[in-house]
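Asks: Sharing a structure below in structure tokens format, with a few things to ask.
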Amino acid sequence: MAALNRIQKIASHLDPPKPFKFKVALLGAAGGIGQPLSMLLKMSPYISELSLYDVANTPGVAADVSHMSTAARVKGYLGPDQLPAALAGSNLVIIPAGVPRKPGMTRDDLFNINAGIVRTLAEAIAAHCPNAWVAIISNPVNSTVPIAAEVLQRAGVLNPARLFGVTTLDVVRAEAFLGEIVGADPRDVSVPVVGGHAGITILPLLSQARPPLPASVTAEQRKALMTRIQDAGTEVVQAKAGAGSATLSMAYAAARFADSCLRAMSGEGPVTEYAYVRSSAVQGLPYFSSPLRLGRSGVEEVLPLGPMDALESENFEAMKAELLGSIKKGEEFVARGPAK
């Protein structure tokens, strides 16, 4: 069944049933994630206009990507003065803007820089494309999504059904790692990953994985796999030895999430995807990454998390305080207002 679904999905991409007219804006297009993501988005049959924005080097990226022989038209925008034009008329805005993690840097270390960037971009979205779907990659996602929500709410344009923190990278990592263990194509693997997008707030529900973990996998091995999924970003940062963070896999994951959004917008629903959203799915946590059903208007339903085994339940309880602290940190940042 999974193989058949994949064939049908590929076929629909090769021969879309109707023309799609979506404008996608990528804010941070010249960065380590932005450049490969620009290339992947240019390949999408759902995009008619690809708007690439950054504060430096965008003309070169736009020129390069525009030479690809795919249908999407590419336009580059450089600097704050051109941000309104980059956003105008956008259906989907994707934000990888900000600084990446470096060795020894935690996601909290990123906050002081990236929080201000996300606030500024959210203000521009509120003014120039308030009805767009917004997908935030900029870390720490556990805090930057609440920042964007507070900005949009203060502007009177917040639609929680159209604001997402992109946690797809945690899902694709879990699929890849489990695929290695069971000897399966990762595209045929399903692993729910819920919670947040940093450290212990990342909660892989391995008990619900399909195909299931072999009975020979011990409790310690299961715990080690969960830890590897949670710490996979650090694994990449250390492997690159100061030369960057998880940019290529993040671009792949973001392109996959964008594809889900655009398919839902086009009416190819219902589309099921995981993302960090504002919801009441978990009592006491106003934001949580959950399985979602997406439709033309955004999130149509936050789906149940499903059963957890003892280890997952323990980790679920352990991560609540950290996730709530990150959420409040983002909300308080907006409440304080810009630095004077």
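Ligands are numbered from 1 in the order shown, chains are lettered A, B, ... in the order of the structure tokens, and residues start at 1 in each chain.
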Give me the residues near range 189-192 of chain A as a list in words, where near means some atom within 7 Å (using only C-alpha atoms) and where sequence neighbours in that chain fewer than 3 positions away do not count.

Replies: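 Near neighbours after the sequence-gap exclusion: Val171, Ala174, Glu175, Gly179, Asp185, Pro186, Pro204, Leu205, Leu206, Gln208, Ala209, Arg210 and Pro211 of chain A.
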
Asks: In range 92-310 of chain A, what's alpha helix (DSSP H) per DSSP? Answer as a count of residues only?

Replies: 91

Asks: Given the choices A:Pro80, A:Gly298, A:Pro307, A:Pro103, which gets closest to Thr120 in chain A if the distance is worked out from only C-alpha atoms?

Replies: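 Going through A:Pro80, A:Gly298, A:Pro307, A:Pro103 one by one, the smallest distance to Thr120 in chain A is for A:Pro80.
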
Asks: Looking only at the backbone, which of the residues in range 142-203 of chain A does DSSP tag as strand (DSSP E or B), as a list in words?

Replies: Leu163, Phe164, Gly165, Ser190, Val193, Val194, Gly195, Ile202 and Leu203 of chain A

Asks: Include C-alpha atoms and write out the residues we just selected as an mmCIF file, in the first residue's frame.

Replies:
data_model
loop_
_atom_site.group_PDB
_atom_site.id
_atom_site.type_symbol
_atom_site.label_atom_id
_atom_site.label_comp_id
_atom_site.auth_asym_id
_atom_site.auth_seq_id
_atom_site.Cartn_x
_atom_site.Cartn_y
_atom_site.Cartn_z
ATOM 1 C CA LEU A 163 0.927 29.020 11.326
ATOM 2 C CA PHE A 164 3.361 26.113 11.600
ATOM 3 C CA GLY A 165 6.677 25.243 13.145
ATOM 4 C CA SER A 190 6.251 5.703 9.424
ATOM 5 C CA VAL A 193 7.319 12.336 16.268
ATOM 6 C CA VAL A 194 5.472 14.793 18.491
ATOM 7 C CA GLY A 195 6.164 17.436 21.146
ATOM 8 C CA ILE A 202 11.301 15.811 20.625
ATOM 9 C CA LEU A 203 9.212 12.706 21.368
#

Asks: Determine, for each residue of range 105-204 of chain A having at least one atom at most 12 Å from an atom of range 239-252 of chain A, the closest pair of atoms and their separation in Å to one decimal, counting only C-alpha atoms; order by chain and ascending number, as CSV.

Replies:
residue,atom,partner,partner_atom,distance
A:Met105,CA,A:Gly242,CA,10.6
A:Thr106,CA,A:Ser245,CA,11.8
A:Arg107,CA,A:Ser245,CA,11.8
A:Ile136,CA,A:Met250,CA,11.9
A:Ile137,CA,A:Met250,CA,8.6
A:Ser138,CA,A:Met250,CA,10.9
A:Asn139,CA,A:Ser245,CA,11.7
A:Val166,CA,A:Met250,CA,9.4
A:Thr167,CA,A:Met250,CA,9.4
A:Thr168,CA,A:Met250,CA,8.2
A:Leu169,CA,A:Met250,CA,5.8
A:Asp170,CA,A:Met250,CA,9.3
A:Val171,CA,A:Met250,CA,11.0
A:Val172,CA,A:Ser249,CA,8.5
A:Arg173,CA,A:Ser249,CA,8.6
A:Ala176,CA,A:Ser249,CA,11.0

Asks: Restricting the calculation to only C-alpha atoms, which member of A:Leu178, A:Val134, A:Met308, A:Ala264 is positioned closest to Tyr46 in chain A?

Replies: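 Using only C-alpha atoms, Tyr46 in chain A sits closest to A:Ala264.
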
Asks: CA of Gly98 in chain A and CA of Leu110 in chain A, how far apart in Å?

Replies: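 Spanning CA of Leu110 in chain A to CA of Gly98 in chain A is a straight-line distance of 8.5 Å.
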
Asks: Which value, in Å to one decimal, gives the distance between CA of Ser143 in chain A and CA of Gly306 in chain A?

Replies: 25.3 Å

Asks: Which residue, A:Gly34, A:Ala71, A:Val145, A:Leu311, has the smallest gap to Val99 in chain A when you use only C-alpha atoms?

Replies: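 With only C-alpha atoms as the atom set, the closest residue is A:Gly34.
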